[in-house]
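*Asks:* Below is a structure I'd like to ask you about.
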Amino acid sequence: SDVCSSDLFDSSPMYGEAETVLGNTLRGRRDRALVATKVWTANDAEAAHQLEHALACFGGRVDVYQVHNLVSWQRRLDTLSGLKQKGVVRAVGITHYSPHAFGELRRVMTDPRVDVIQIPYNPRERHVENDILPAAADLGLGVIVMRPFAEGGLMRSIPASKLAPLASFGVTTWAQALLKWILSDARCHVAIPATSSPEHMRLNAMAGDGPWFGHEEREYVAR
């Protein structure tokens, strides 16, 4: 979990030109960021191409390399573990978005090659609370939380009066309340909200600092 911080950028070969754009953006300042990306294909040749492209984009190293949606995870973990031994990958991860796959995810989490998981978690999608998050804590795994806003389903206009009880926690926006709801769970290390707005990115990042919600504040946000 030491690889996780507020400076982590999560990418993927299936996000269009995202890896190339992020790599260009980090040129000359690569050491200031942690890069997470993914391999996602059952085709070994295509997997090799994805790996080669990502390493070229990110200065010859990836901080968190993830097997996306557990596709061909046995073979991909072999490859990523080898890259970790060579020092070009810092941590190896697995991801899945669907509760239907969490049983398999839970089993793969015990593989000693796995360092990090990426799962959905927010006040509406809480399937990981009963098993996945406790297991991640027990196993010492890093946890990256995708879909903190339920893919936009939780975004709404919240009156300032509703946010007032959270002001002492540095919360000024509803998005910050949702992010702090996640990060106040000590088992979660990074939340990765998507946005096309630099201003929203700046405001979202502010939720990465304490103080953290207690039980009452988390229940308040969930309600």
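Chain labels A, B, ... are given in the sequence in which chains occur in the structure tokens; within each chain residues are numbered consecutively from 1, and ligands are likewise numbered from 1 in the order shown.
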Counting only C-alpha atoms, what are the residues of segment 23-99 of chain A within 12 Å of segment 122-142 of chain A, and for each of them which pair of atoms is the nearest and at what distance in Å, to one decimal? Sort the table by chain and rising number, as CSV.

*Replies:*
residue,atom,partner,partner_atom,distance
A:Val64,CA,A:Gly142,CA,10.0
A:Gln66,CA,A:Gly142,CA,11.9
A:Ala91,CA,A:Gly142,CA,9.3
A:Val92,CA,A:Gly142,CA,10.0
A:Gly93,CA,A:Gly142,CA,8.6
A:Ile94,CA,A:Gly142,CA,10.6
A:Thr95,CA,A:Gly142,CA,11.7
A:His96,CA,A:Val128,CA,11.1
A:Tyr97,CA,A:Glu125,CA,10.4
A:Ser98,CA,A:His127,CA,9.4
A:Pro99,CA,A:His127,CA,6.6

*Asks:* May I have the residues within 10 Å of Ala222 of chain A as an mmCIF file with all heavy atoms, in the first residue's frame, using only C-alpha atoms and disregarding those fewer than 2 positions away in the same chain?

*Replies:*
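Final file, result_0.cif:
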data_model
loop_
_atom_site.group_PDB
_atom_site.id
_atom_site.type_symbol
_atom_site.label_atom_id
_atom_site.label_comp_id
_atom_site.auth_asym_id
_atom_site.auth_seq_id
_atom_site.Cartn_x
_atom_site.Cartn_y
_atom_site.Cartn_z
ATOM 1 N N ASN A 122 -18.480 3.200 -3.213
ATOM 2 C CA ASN A 122 -19.093 4.502 -2.952
ATOM 3 C C ASN A 122 -20.336 4.249 -2.099
ATOM 4 O O ASN A 122 -20.686 3.081 -1.859
ATOM 5 C CB ASN A 122 -19.435 5.213 -4.276
ATOM 6 C CG ASN A 122 -20.342 4.395 -5.166
ATOM 7 O OD1 ASN A 122 -21.493 4.121 -4.813
ATOM 8 N ND2 ASN A 122 -19.839 3.983 -6.335
ATOM 9 N N PRO A 123 -21.017 5.286 -1.623
ATOM 10 C CA PRO A 123 -22.170 5.054 -0.739
ATOM 11 C C PRO A 123 -23.302 4.250 -1.370
ATOM 12 O O PRO A 123 -24.144 3.718 -0.637
ATOM 13 C CB PRO A 123 -22.628 6.475 -0.386
ATOM 14 C CG PRO A 123 -21.394 7.297 -0.484
ATOM 15 C CD PRO A 123 -20.647 6.716 -1.657
ATOM 16 N N ARG A 124 -23.320 4.122 -2.678
ATOM 17 C CA ARG A 124 -24.358 3.321 -3.335
ATOM 18 C C ARG A 124 -23.878 1.896 -3.626
ATOM 19 O O ARG A 124 -24.667 0.953 -3.539
ATOM 20 C CB ARG A 124 -24.783 3.998 -4.641
ATOM 21 C CG ARG A 124 -25.833 3.213 -5.422
ATOM 22 C CD ARG A 124 -26.205 3.916 -6.718
ATOM 23 N NE ARG A 124 -26.944 5.145 -6.464
ATOM 24 C CZ ARG A 124 -27.274 6.026 -7.409
ATOM 25 N NH1 ARG A 124 -26.906 5.819 -8.662
ATOM 26 N NH2 ARG A 124 -27.959 7.113 -7.104
ATOM 27 N N ALA A 177 -17.104 15.482 -0.478
ATOM 28 C CA ALA A 177 -17.752 14.679 0.565
ATOM 29 C C ALA A 177 -17.725 13.204 0.192
ATOM 30 O O ALA A 177 -17.438 12.337 1.039
ATOM 31 C CB ALA A 177 -19.188 15.152 0.774
ATOM 32 N N LEU A 178 -18.001 12.901 -1.072
ATOM 33 C CA LEU A 178 -17.987 11.507 -1.512
ATOM 34 C C LEU A 178 -16.572 10.925 -1.458
ATOM 35 O O LEU A 178 -16.374 9.779 -1.031
ATOM 36 C CB LEU A 178 -18.538 11.403 -2.935
ATOM 37 C CG LEU A 178 -20.033 11.716 -3.094
ATOM 38 C CD1 LEU A 178 -20.395 11.806 -4.571
ATOM 39 C CD2 LEU A 178 -20.886 10.668 -2.400
ATOM 40 N N TRP A 181 -15.575 10.392 2.098
ATOM 41 C CA TRP A 181 -16.299 9.226 2.615
ATOM 42 C C TRP A 181 -15.494 7.951 2.342
ATOM 43 O O TRP A 181 -15.393 7.075 3.207
ATOM 44 C CB TRP A 181 -17.666 9.141 1.939
ATOM 45 C CG TRP A 181 -18.546 8.031 2.415
ATOM 46 C CD1 TRP A 181 -19.474 8.088 3.423
ATOM 47 C CD2 TRP A 181 -18.609 6.683 1.895
ATOM 48 N NE1 TRP A 181 -20.099 6.860 3.564
ATOM 49 C CE2 TRP A 181 -19.580 5.993 2.647
ATOM 50 C CE3 TRP A 181 -17.934 6.013 0.887
ATOM 51 C CZ2 TRP A 181 -19.902 4.649 2.402
ATOM 52 C CZ3 TRP A 181 -18.231 4.687 0.641
ATOM 53 C CH2 TRP A 181 -19.211 4.018 1.396
ATOM 54 N N GLU A 216 -20.167 8.782 12.238
ATOM 55 C CA GLU A 216 -21.358 9.631 12.083
ATOM 56 C C GLU A 216 -21.325 10.402 10.776
ATOM 57 O O GLU A 216 -22.354 10.525 10.094
ATOM 58 C CB GLU A 216 -21.474 10.587 13.269
ATOM 59 C CG GLU A 216 -21.835 9.905 14.581
ATOM 60 C CD GLU A 216 -22.066 10.893 15.692
ATOM 61 O OE1 GLU A 216 -22.015 12.123 15.423
ATOM 62 O OE2 GLU A 216 -22.307 10.467 16.836
ATOM 63 N N GLU A 217 -20.170 10.936 10.427
ATOM 64 C CA GLU A 217 -20.071 11.717 9.189
ATOM 65 C C GLU A 217 -20.240 10.817 7.967
ATOM 66 O O GLU A 217 -20.902 11.208 6.978
ATOM 67 C CB GLU A 217 -18.721 12.432 9.120
ATOM 68 C CG GLU A 217 -18.555 13.581 10.112
ATOM 69 C CD GLU A 217 -18.221 13.099 11.515
ATOM 70 O OE1 GLU A 217 -17.692 11.976 11.638
ATOM 71 O OE2 GLU A 217 -18.483 13.859 12.472
ATOM 72 N N ARG A 218 -19.700 9.609 8.028
ATOM 73 C CA ARG A 218 -19.866 8.697 6.896
ATOM 74 C C ARG A 218 -21.330 8.307 6.740
ATOM 75 O O ARG A 218 -21.852 8.180 5.621
ATOM 76 C CB ARG A 218 -18.986 7.457 7.050
ATOM 77 C CG ARG A 218 -17.497 7.760 6.950
ATOM 78 C CD ARG A 218 -16.651 6.492 6.942
ATOM 79 N NE ARG A 218 -16.483 5.995 5.578
ATOM 80 C CZ ARG A 218 -16.845 4.793 5.165
ATOM 81 N NH1 ARG A 218 -17.450 3.947 5.988
ATOM 82 N NH2 ARG A 218 -16.626 4.423 3.905
ATOM 83 N N GLU A 219 -22.006 8.088 7.846
ATOM 84 C CA GLU A 219 -23.431 7.767 7.787
ATOM 85 C C GLU A 219 -24.238 8.945 7.255
ATOM 86 O O GLU A 219 -25.200 8.771 6.509
ATOM 87 C CB GLU A 219 -23.927 7.346 9.170
ATOM 88 C CG GLU A 219 -23.479 5.960 9.600
ATOM 89 C CD GLU A 219 -23.984 4.895 8.655
ATOM 90 O OE1 GLU A 219 -25.200 4.859 8.395
ATOM 91 O OE2 GLU A 219 -23.153 4.112 8.141
ATOM 92 N N TYR A 220 -23.850 10.149 7.631
ATOM 93 C CA TYR A 220 -24.525 11.353 7.160
ATOM 94 C C TYR A 220 -24.419 11.466 5.639
ATOM 95 O O TYR A 220 -25.421 11.705 4.951
ATOM 96 C CB TYR A 220 -23.924 12.577 7.818
ATOM 97 C CG TYR A 220 -24.510 13.885 7.361
ATOM 98 C CD1 TYR A 220 -25.752 14.328 7.825
ATOM 99 C CD2 TYR A 220 -23.822 14.700 6.456
ATOM 100 C CE1 TYR A 220 -26.293 15.537 7.392
ATOM 101 C CE2 TYR A 220 -24.352 15.904 6.018
ATOM 102 C CZ TYR A 220 -25.595 16.308 6.483
ATOM 103 O OH TYR A 220 -26.134 17.496 6.045
#

*Asks:* According to DSSP computed on the backbone, where in segment 27-110 of chain A is there strand (DSSP E)? Give the residues as a ChimeraX atom specification.

*Replies:* /A:34-39,62-67,89-95

*Asks:* Using only C-alpha atoms, which residues sit within 12 Å of Ser161 of chain A once same-chain residues fewer than 5 positions away are excluded, as a list in words?

*Replies:*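 What passes the distance filter is Leu166, Ala167, Thr172, Thr173 and Trp174 of chain A.
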
*Asks:* For Val71 of chain A, please output as a ChimeraX atom specification all residues within 10 Å (counting only C-alpha atoms; exclusion window: fewer than 2 positions along the same chain).

*Replies:* /A:39-43,67-69,73-76,94-96

*Asks:* Quick one: contact table of segment 8-47 of chain A to segment 146-154 of chain A, 12 Å max, nearest atom pair and distance in Å to one decimal per residue, counting only C-alpha atoms, chain and number order, as CSV?

*Replies:*
residue,atom,partner,partner_atom,distance
A:Phe9,CA,A:Met146,CA,11.9
A:Asp10,CA,A:Met146,CA,9.6
A:Ser11,CA,A:Met146,CA,11.7

*Asks:* Point out the residue among A:Ser184, A:Thr37, A:Asn204, A:Ser157 with the least atom-to-atom distance to Gln118 of chain A, counting only C-alpha atoms.

*Replies:*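 Checking each candidate against Gln118 of chain A, we get A:Thr37 as the closest.
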
*Asks:* Would you list the contacts of Val190 of chain A as number ranges by chain, taking every protein, DNA or RNA residue within 12 Å and counting only C-alpha atoms, but skipping same-chain residues closer than 6 positions in sequence?

*Replies:* A: 1-10, 34, 36, 116-121, 142-148, 179-184, 204-205, 207-209

*Asks:* Which of segment 23-218 of chain A counts as helix (DSSP H, G or I) under DSSP, as a compact mmCIF listing (two decimals) with N, CA, C and O atoms, in the first residue's frame please?

*Replies:*
# COMPACT_ATOMS: atom_id res chain seq x y z
N GLY A 23 1.92 10.19 -20.52
CA GLY A 23 3.37 10.10 -20.64
C GLY A 23 3.99 11.41 -21.10
O GLY A 23 5.01 11.86 -20.56
N ASN A 24 3.36 12.05 -22.09
CA ASN A 24 3.86 13.34 -22.56
C ASN A 24 3.76 14.41 -21.47
O ASN A 24 4.65 15.25 -21.32
N THR A 25 2.67 14.37 -20.72
CA THR A 25 2.46 15.35 -19.65
C THR A 25 3.52 15.22 -18.56
O THR A 25 3.96 16.22 -17.97
N ARG A 30 8.62 12.91 -14.32
CA ARG A 30 8.08 11.57 -14.08
C ARG A 30 8.20 11.16 -12.61
O ARG A 30 7.31 10.48 -12.09
N ASP A 31 9.26 11.58 -11.94
CA ASP A 31 9.46 11.17 -10.56
C ASP A 31 8.46 11.80 -9.60
O ASP A 31 8.38 11.40 -8.44
N ARG A 32 7.68 12.78 -10.07
CA ARG A 32 6.71 13.45 -9.21
C ARG A 32 5.36 12.76 -9.20
O ARG A 32 4.44 13.20 -8.52
N ASP A 44 -1.77 -13.03 -26.13
CA ASP A 44 -0.44 -12.82 -25.57
C ASP A 44 0.37 -11.80 -26.36
O ASP A 44 1.12 -11.00 -25.78
N ALA A 45 0.25 -11.83 -27.67
CA ALA A 45 1.00 -10.88 -28.49
C ALA A 45 0.51 -9.45 -28.25
O ALA A 45 1.31 -8.51 -28.14
N GLU A 46 -0.80 -9.29 -28.14
CA GLU A 46 -1.35 -7.96 -27.86
C GLU A 46 -0.96 -7.50 -26.46
O GLU A 46 -0.67 -6.33 -26.23
N ALA A 47 -0.93 -8.44 -25.50
CA ALA A 47 -0.50 -8.09 -24.15
C ALA A 47 0.94 -7.58 -24.17
O ALA A 47 1.27 -6.58 -23.52
N ALA A 48 1.81 -8.25 -24.91
CA ALA A 48 3.20 -7.81 -25.01
C ALA A 48 3.29 -6.42 -25.61
O ALA A 48 4.10 -5.58 -25.17
N HIS A 49 2.44 -6.14 -26.60
CA HIS A 49 2.41 -4.82 -27.23
C HIS A 49 1.95 -3.77 -26.22
O HIS A 49 2.54 -2.67 -26.14
N GLN A 50 0.90 -4.07 -25.45
CA GLN A 50 0.41 -3.12 -24.44
C GLN A 50 1.49 -2.80 -23.41
O GLN A 50 1.68 -1.65 -23.03
N LEU A 51 2.19 -3.83 -22.96
CA LEU A 51 3.24 -3.64 -21.97
C LEU A 51 4.38 -2.80 -22.53
O LEU A 51 4.87 -1.87 -21.86
N GLU A 52 4.79 -3.10 -23.74
CA GLU A 52 5.88 -2.35 -24.37
C GLU A 52 5.51 -0.88 -24.53
O GLU A 52 6.32 0.02 -24.26
N HIS A 53 4.28 -0.65 -24.98
CA HIS A 53 3.83 0.73 -25.20
C HIS A 53 3.80 1.51 -23.89
O HIS A 53 4.28 2.65 -23.83
N ALA A 54 3.25 0.92 -22.83
CA ALA A 54 3.14 1.61 -21.55
C ALA A 54 4.51 1.95 -20.98
O ALA A 54 4.75 3.06 -20.51
N LEU A 55 5.42 0.99 -21.02
CA LEU A 55 6.75 1.25 -20.48
C LEU A 55 7.46 2.36 -21.27
O LEU A 55 8.18 3.18 -20.70
N ALA A 56 7.22 2.39 -22.58
CA ALA A 56 7.81 3.46 -23.40
C ALA A 56 7.21 4.81 -23.03
O ALA A 56 7.91 5.83 -23.00
N CYS A 57 5.92 4.83 -22.74
CA CYS A 57 5.24 6.09 -22.40
C CYS A 57 5.73 6.64 -21.07
O CYS A 57 5.84 7.86 -20.89
N HIS A 68 -6.42 -6.08 -15.83
CA HIS A 68 -7.76 -5.49 -15.83
C HIS A 68 -8.84 -6.56 -15.97
O HIS A 68 -8.76 -7.44 -16.83
N ASN A 69 -9.82 -6.49 -15.09
CA ASN A 69 -10.96 -7.41 -15.10
C ASN A 69 -10.55 -8.87 -15.06
O ASN A 69 -11.30 -9.74 -15.53
N LEU A 70 -9.37 -9.14 -14.51
CA LEU A 70 -8.87 -10.50 -14.33
C LEU A 70 -8.71 -11.28 -15.64
O LEU A 70 -8.65 -12.51 -15.62
N TRP A 73 -5.62 -13.77 -16.07
CA TRP A 73 -4.82 -13.30 -14.95
C TRP A 73 -3.64 -14.21 -14.62
O TRP A 73 -2.59 -13.72 -14.17
N GLN A 74 -3.80 -15.51 -14.84
CA GLN A 74 -2.67 -16.40 -14.50
C GLN A 74 -1.42 -16.05 -15.31
O GLN A 74 -0.32 -15.91 -14.77
N ARG A 75 -1.60 -15.91 -16.64
CA ARG A 75 -0.46 -15.60 -17.51
C ARG A 75 0.03 -14.17 -17.28
O ARG A 75 1.23 -13.92 -17.30
N ARG A 76 -0.90 -13.26 -17.09
CA ARG A 76 -0.49 -11.86 -16.91
C ARG A 76 0.25 -11.65 -15.59
O ARG A 76 1.20 -10.87 -15.52
N LEU A 77 -0.17 -12.33 -14.54
CA LEU A 77 0.56 -12.21 -13.27
C LEU A 77 1.97 -12.76 -13.41
O LEU A 77 2.92 -12.22 -12.82
N ASP A 78 2.14 -13.82 -14.18
CA ASP A 78 3.48 -14.35 -14.43
C ASP A 78 4.36 -13.27 -15.07
O ASP A 78 5.49 -13.03 -14.64
N THR A 79 3.80 -12.63 -16.10
CA THR A 79 4.57 -11.61 -16.82
C THR A 79 4.88 -10.41 -15.94
O THR A 79 6.02 -9.94 -15.88
N LEU A 80 3.85 -9.91 -15.25
CA LEU A 80 4.04 -8.71 -14.43
C LEU A 80 4.97 -8.99 -13.26
O LEU A 80 5.76 -8.12 -12.87
N SER A 81 4.91 -10.18 -12.69
CA SER A 81 5.81 -10.54 -11.61
C SER A 81 7.26 -10.54 -12.11
O SER A 81 8.18 -10.10 -11.40
N GLY A 82 7.45 -11.02 -13.33
CA GLY A 82 8.79 -10.99 -13.91
C GLY A 82 9.30 -9.58 -14.11
O GLY A 82 10.47 -9.28 -13.85
N LEU A 83 8.41 -8.68 -14.56
CA LEU A 83 8.79 -7.28 -14.73
C LEU A 83 9.08 -6.61 -13.39
O LEU A 83 9.96 -5.75 -13.29
N LYS A 84 8.35 -7.03 -12.36
CA LYS A 84 8.62 -6.50 -11.03
C LYS A 84 10.00 -6.93 -10.55
O LYS A 84 10.76 -6.13 -9.97
N GLN A 85 10.36 -8.16 -10.80
CA GLN A 85 11.69 -8.65 -10.41
C GLN A 85 12.79 -7.90 -11.15
O GLN A 85 13.89 -7.71 -10.61
N LYS A 86 12.50 -7.44 -12.36
CA LYS A 86 13.48 -6.67 -13.14
C LYS A 86 13.53 -5.21 -12.69
O LYS A 86 14.41 -4.46 -13.14
N PRO A 99 -19.67 -7.03 -9.09
CA PRO A 99 -19.83 -7.89 -7.92
C PRO A 99 -19.89 -9.37 -8.28
O PRO A 99 -19.53 -10.22 -7.45
N HIS A 100 -20.34 -9.69 -9.49
CA HIS A 100 -20.41 -11.09 -9.90
C HIS A 100 -19.03 -11.73 -9.97
O HIS A 100 -18.91 -12.97 -9.91
N ALA A 101 -18.00 -10.92 -10.11
CA ALA A 101 -16.63 -11.44 -10.22
C ALA A 101 -15.86 -11.33 -8.91
O ALA A 101 -14.69 -11.73 -8.85
N PHE A 102 -16.50 -10.82 -7.87
CA PHE A 102 -15.76 -10.58 -6.63
C PHE A 102 -15.33 -11.88 -5.94
O PHE A 102 -14.36 -11.89 -5.19
N GLY A 103 -16.05 -12.97 -6.18
CA GLY A 103 -15.62 -14.25 -5.64
C GLY A 103 -14.26 -14.66 -6.20
O GLY A 103 -13.36 -15.06 -5.45
N GLU A 104 -14.13 -14.53 -7.52
CA GLU A 104 -12.84 -14.85 -8.15
C GLU A 104 -11.78 -13.85 -7.73
O GLU A 104 -10.63 -14.23 -7.44
N LEU A 105 -12.14 -12.57 -7.68
CA LEU A 105 -11.19 -11.55 -7.25
C LEU A 105 -10.66 -11.88 -5.85
O LEU A 105 -9.45 -11.80 -5.60
N ARG A 106 -11.58 -12.28 -4.98
CA ARG A 106 -11.18 -12.60 -3.60
C ARG A 106 -10.18 -13.76 -3.58
O ARG A 106 -9.22 -13.74 -2.80
N ARG A 107 -10.38 -14.74 -4.43
CA ARG A 107 -9.45 -15.87 -4.47
C ARG A 107 -8.09 -15.45 -5.00
O ARG A 107 -7.05 -15.85 -4.48
N VAL A 108 -8.09 -14.63 -6.05
CA VAL A 108 -6.82 -14.21 -6.66
C VAL A 108 -6.05 -13.28 -5.73
O VAL A 108 -4.82 -13.22 -5.77
N HIS A 127 -20.67 -3.39 -2.10
CA HIS A 127 -20.51 -4.84 -2.08
C HIS A 127 -19.17 -5.27 -1.49
O HIS A 127 -19.06 -6.37 -0.96
N VAL A 128 -18.15 -4.42 -1.60
CA VAL A 128 -16.81 -4.83 -1.16
C VAL A 128 -16.63 -4.75 0.35
O VAL A 128 -15.62 -5.21 0.88
N GLU A 129 -17.60 -4.19 1.06
CA GLU A 129 -17.42 -3.96 2.49
C GLU A 129 -17.34 -5.25 3.30
O GLU A 129 -16.62 -5.32 4.29
N ILE A 132 -14.23 -8.18 0.58
CA ILE A 132 -13.07 -7.73 -0.17
C ILE A 132 -12.20 -6.77 0.65
O ILE A 132 -10.97 -6.97 0.76
N LEU A 133 -12.79 -5.74 1.23
CA LEU A 133 -11.98 -4.78 2.00
C LEU A 133 -11.37 -5.40 3.25
O LEU A 133 -10.18 -5.16 3.53
N PRO A 134 -12.11 -6.20 4.03
CA PRO A 134 -11.46 -6.85 5.17
C PRO A 134 -10.30 -7.74 4.76
O PRO A 134 -9.25 -7.77 5.40
N ALA A 135 -10.48 -8.48 3.65
CA ALA A 135 -9.41 -9.36 3.18
C ALA A 135 -8.21 -8.55 2.72
O ALA A 135 -7.05 -8.93 2.97
N ALA A 136 -8.45 -7.44 2.02
CA ALA A 136 -7.35 -6.60 1.57
C ALA A 136 -6.54 -6.09 2.75
O ALA A 136 -5.30 -6.06 2.71
N ALA A 137 -7.23 -5.69 3.81
CA ALA A 137 -6.54 -5.22 5.00
C ALA A 137 -5.72 -6.34 5.63
O ALA A 137 -4.57 -6.14 6.02
N ASP A 138 -6.31 -7.51 5.74
CA ASP A 138 -5.61 -8.66 6.34
C ASP A 138 -4.38 -9.05 5.53
O ASP A 138 -3.35 -9.45 6.10
N LEU A 139 -4.48 -8.93 4.20
CA LEU A 139 -3.39 -9.33 3.32
C LEU A 139 -2.37 -8.22 3.09
O LEU A 139 -1.34 -8.45 2.46
N ALA A 160 -25.64 24.29 0.13
CA ALA A 160 -24.54 24.55 1.05
C ALA A 160 -24.91 24.19 2.49
O ALA A 160 -24.07 23.75 3.27
N SER A 161 -26.19 24.35 2.81
CA SER A 161 -26.63 24.03 4.17
C SER A 161 -26.45 22.55 4.49
O SER A 161 -26.20 22.18 5.65
N LYS A 162 -26.57 21.70 3.47
CA LYS A 162 -26.40 20.26 3.68
C LYS A 162 -24.92 19.90 3.89
O LYS A 162 -24.60 18.89 4.53
N LEU A 163 -24.03 20.71 3.30
CA LEU A 163 -22.60 20.45 3.44
C LEU A 163 -22.02 21.09 4.70
O LEU A 163 -20.92 20.73 5.13
N ALA A 164 -22.77 22.02 5.30
CA ALA A 164 -22.26 22.76 6.47
C ALA A 164 -21.75 21.85 7.59
O ALA A 164 -20.71 22.14 8.19
N PRO A 165 -22.44 20.74 7.91
CA PRO A 165 -21.94 19.88 9.00
C PRO A 165 -20.58 19.25 8.70
O PRO A 165 -19.94 18.71 9.61
N LEU A 166 -20.14 19.31 7.44
CA LEU A 166 -18.86 18.71 7.05
C LEU A 166 -17.76 19.75 6.85
O LEU A 166 -16.64 19.41 6.49
N ALA A 167 -18.08 21.02 7.12
CA ALA A 167 -17.14 22.11 6.84
C ALA A 167 -15.86 21.96 7.65
O ALA A 167 -14.76 22.28 7.16
N SER A 168 -15.95 21.47 8.87
CA SER A 168 -14.75 21.35 9.71
C SER A 168 -13.79 20.29 9.18
O SER A 168 -12.64 20.21 9.63
N PHE A 169 -14.25 19.49 8.22
CA PHE A 169 -13.40 18.48 7.59
C PHE A 169 -12.82 18.97 6.27
O PHE A 169 -12.23 18.19 5.52
N TRP A 174 -19.84 18.63 -2.89
CA TRP A 174 -20.40 17.29 -2.72
C TRP A 174 -19.40 16.22 -3.18
O TRP A 174 -19.28 15.15 -2.57
N ALA A 175 -18.67 16.50 -4.26
CA ALA A 175 -17.66 15.55 -4.73
C ALA A 175 -16.62 15.30 -3.64
O ALA A 175 -16.20 14.16 -3.42
N GLN A 176 -16.18 16.34 -2.96
CA GLN A 176 -15.23 16.17 -1.86
C GLN A 176 -15.83 15.31 -0.75
O GLN A 176 -15.12 14.47 -0.16
N ALA A 177 -17.10 15.48 -0.48
CA ALA A 177 -17.75 14.68 0.56
C ALA A 177 -17.72 13.20 0.19
O ALA A 177 -17.44 12.34 1.04
N LEU A 178 -18.00 12.90 -1.07
CA LEU A 178 -17.99 11.51 -1.51
C LEU A 178 -16.57 10.92 -1.46
O LEU A 178 -16.37 9.78 -1.03
N LEU A 179 -15.59 11.70 -1.90
CA LEU A 179 -14.21 11.21 -1.88
C LEU A 179 -13.73 11.02 -0.45
O LEU A 179 -13.06 10.03 -0.13
N LYS A 180 -14.06 11.96 0.43
CA LYS A 180 -13.62 11.83 1.82
C LYS A 180 -14.35 10.68 2.51
O LYS A 180 -13.79 10.03 3.40
N TRP A 181 -15.58 10.39 2.10
CA TRP A 181 -16.30 9.23 2.61
C TRP A 181 -15.49 7.95 2.34
O TRP A 181 -15.39 7.08 3.21
N ILE A 182 -14.91 7.85 1.15
CA ILE A 182 -14.11 6.68 0.80
C ILE A 182 -12.78 6.68 1.56
O ILE A 182 -12.42 5.70 2.20
N LEU A 183 -12.06 7.78 1.47
CA LEU A 183 -10.72 7.83 2.02
C LEU A 183 -10.69 7.82 3.54
O LEU A 183 -9.64 7.57 4.14
N PRO A 198 -9.98 20.88 -15.07
CA PRO A 198 -8.84 21.11 -14.16
C PRO A 198 -9.28 21.66 -12.81
O PRO A 198 -8.69 21.30 -11.78
N GLU A 199 -10.30 22.51 -12.78
CA GLU A 199 -10.77 23.05 -11.51
C GLU A 199 -11.38 21.97 -10.64
O GLU A 199 -11.13 21.91 -9.43
N HIS A 200 -12.17 21.09 -11.24
CA HIS A 200 -12.72 19.98 -10.47
C HIS A 200 -11.60 19.07 -9.97
O HIS A 200 -11.67 18.56 -8.84
N MET A 201 -10.57 18.87 -10.79
CA MET A 201 -9.43 18.05 -10.36
C MET A 201 -8.77 18.66 -9.14
O MET A 201 -8.44 17.96 -8.17
N ARG A 202 -8.59 19.97 -9.16
CA ARG A 202 -7.95 20.64 -8.03
C ARG A 202 -8.80 20.50 -6.77
O ARG A 202 -8.30 20.19 -5.68
N LEU A 203 -10.10 20.72 -6.90
CA LEU A 203 -11.00 20.61 -5.75
C LEU A 203 -11.06 19.17 -5.24
O LEU A 203 -11.07 18.93 -4.02
N ASN A 204 -11.12 18.21 -6.17
CA ASN A 204 -11.16 16.81 -5.76
C ASN A 204 -9.92 16.42 -4.97
O ASN A 204 -10.00 15.69 -3.97
N ALA A 205 -8.77 16.91 -5.41
CA ALA A 205 -7.51 16.55 -4.75
C ALA A 205 -7.48 17.04 -3.31
O ALA A 205 -6.83 16.42 -2.45
N MET A 206 -8.21 18.10 -3.01
CA MET A 206 -8.22 18.63 -1.65
C MET A 206 -8.87 17.66 -0.67
O MET A 206 -8.64 17.74 0.54
N ALA A 207 -9.67 16.72 -1.18
CA ALA A 207 -10.30 15.74 -0.30
C ALA A 207 -9.30 14.70 0.19
O ALA A 207 -9.62 13.89 1.06
N GLY A 208 -8.09 14.72 -0.36
CA GLY A 208 -7.08 13.75 0.04
C GLY A 208 -6.35 14.08 1.32
O GLY A 208 -5.48 13.32 1.74
N HIS A 215 -17.55 7.70 12.04
CA HIS A 215 -18.72 6.90 11.67
C HIS A 215 -19.93 7.79 11.40
O HIS A 215 -20.68 7.57 10.42
N GLU A 216 -20.17 8.78 12.24
CA GLU A 216 -21.36 9.63 12.08
C GLU A 216 -21.33 10.40 10.78
O GLU A 216 -22.35 10.53 10.09
N GLU A 217 -20.17 10.94 10.43
CA GLU A 217 -20.07 11.72 9.19
C GLU A 217 -20.24 10.82 7.97
O GLU A 217 -20.90 11.21 6.98
N ARG A 218 -19.70 9.61 8.03
CA ARG A 218 -19.87 8.70 6.90
C ARG A 218 -21.33 8.31 6.74
O ARG A 218 -21.85 8.18 5.62

*Asks:* Could you check how far atom CA of Gly16 of chain A sits from atom CA of Phe58 of chain A, in Å to one decimal?

*Replies:* 16.0 Å
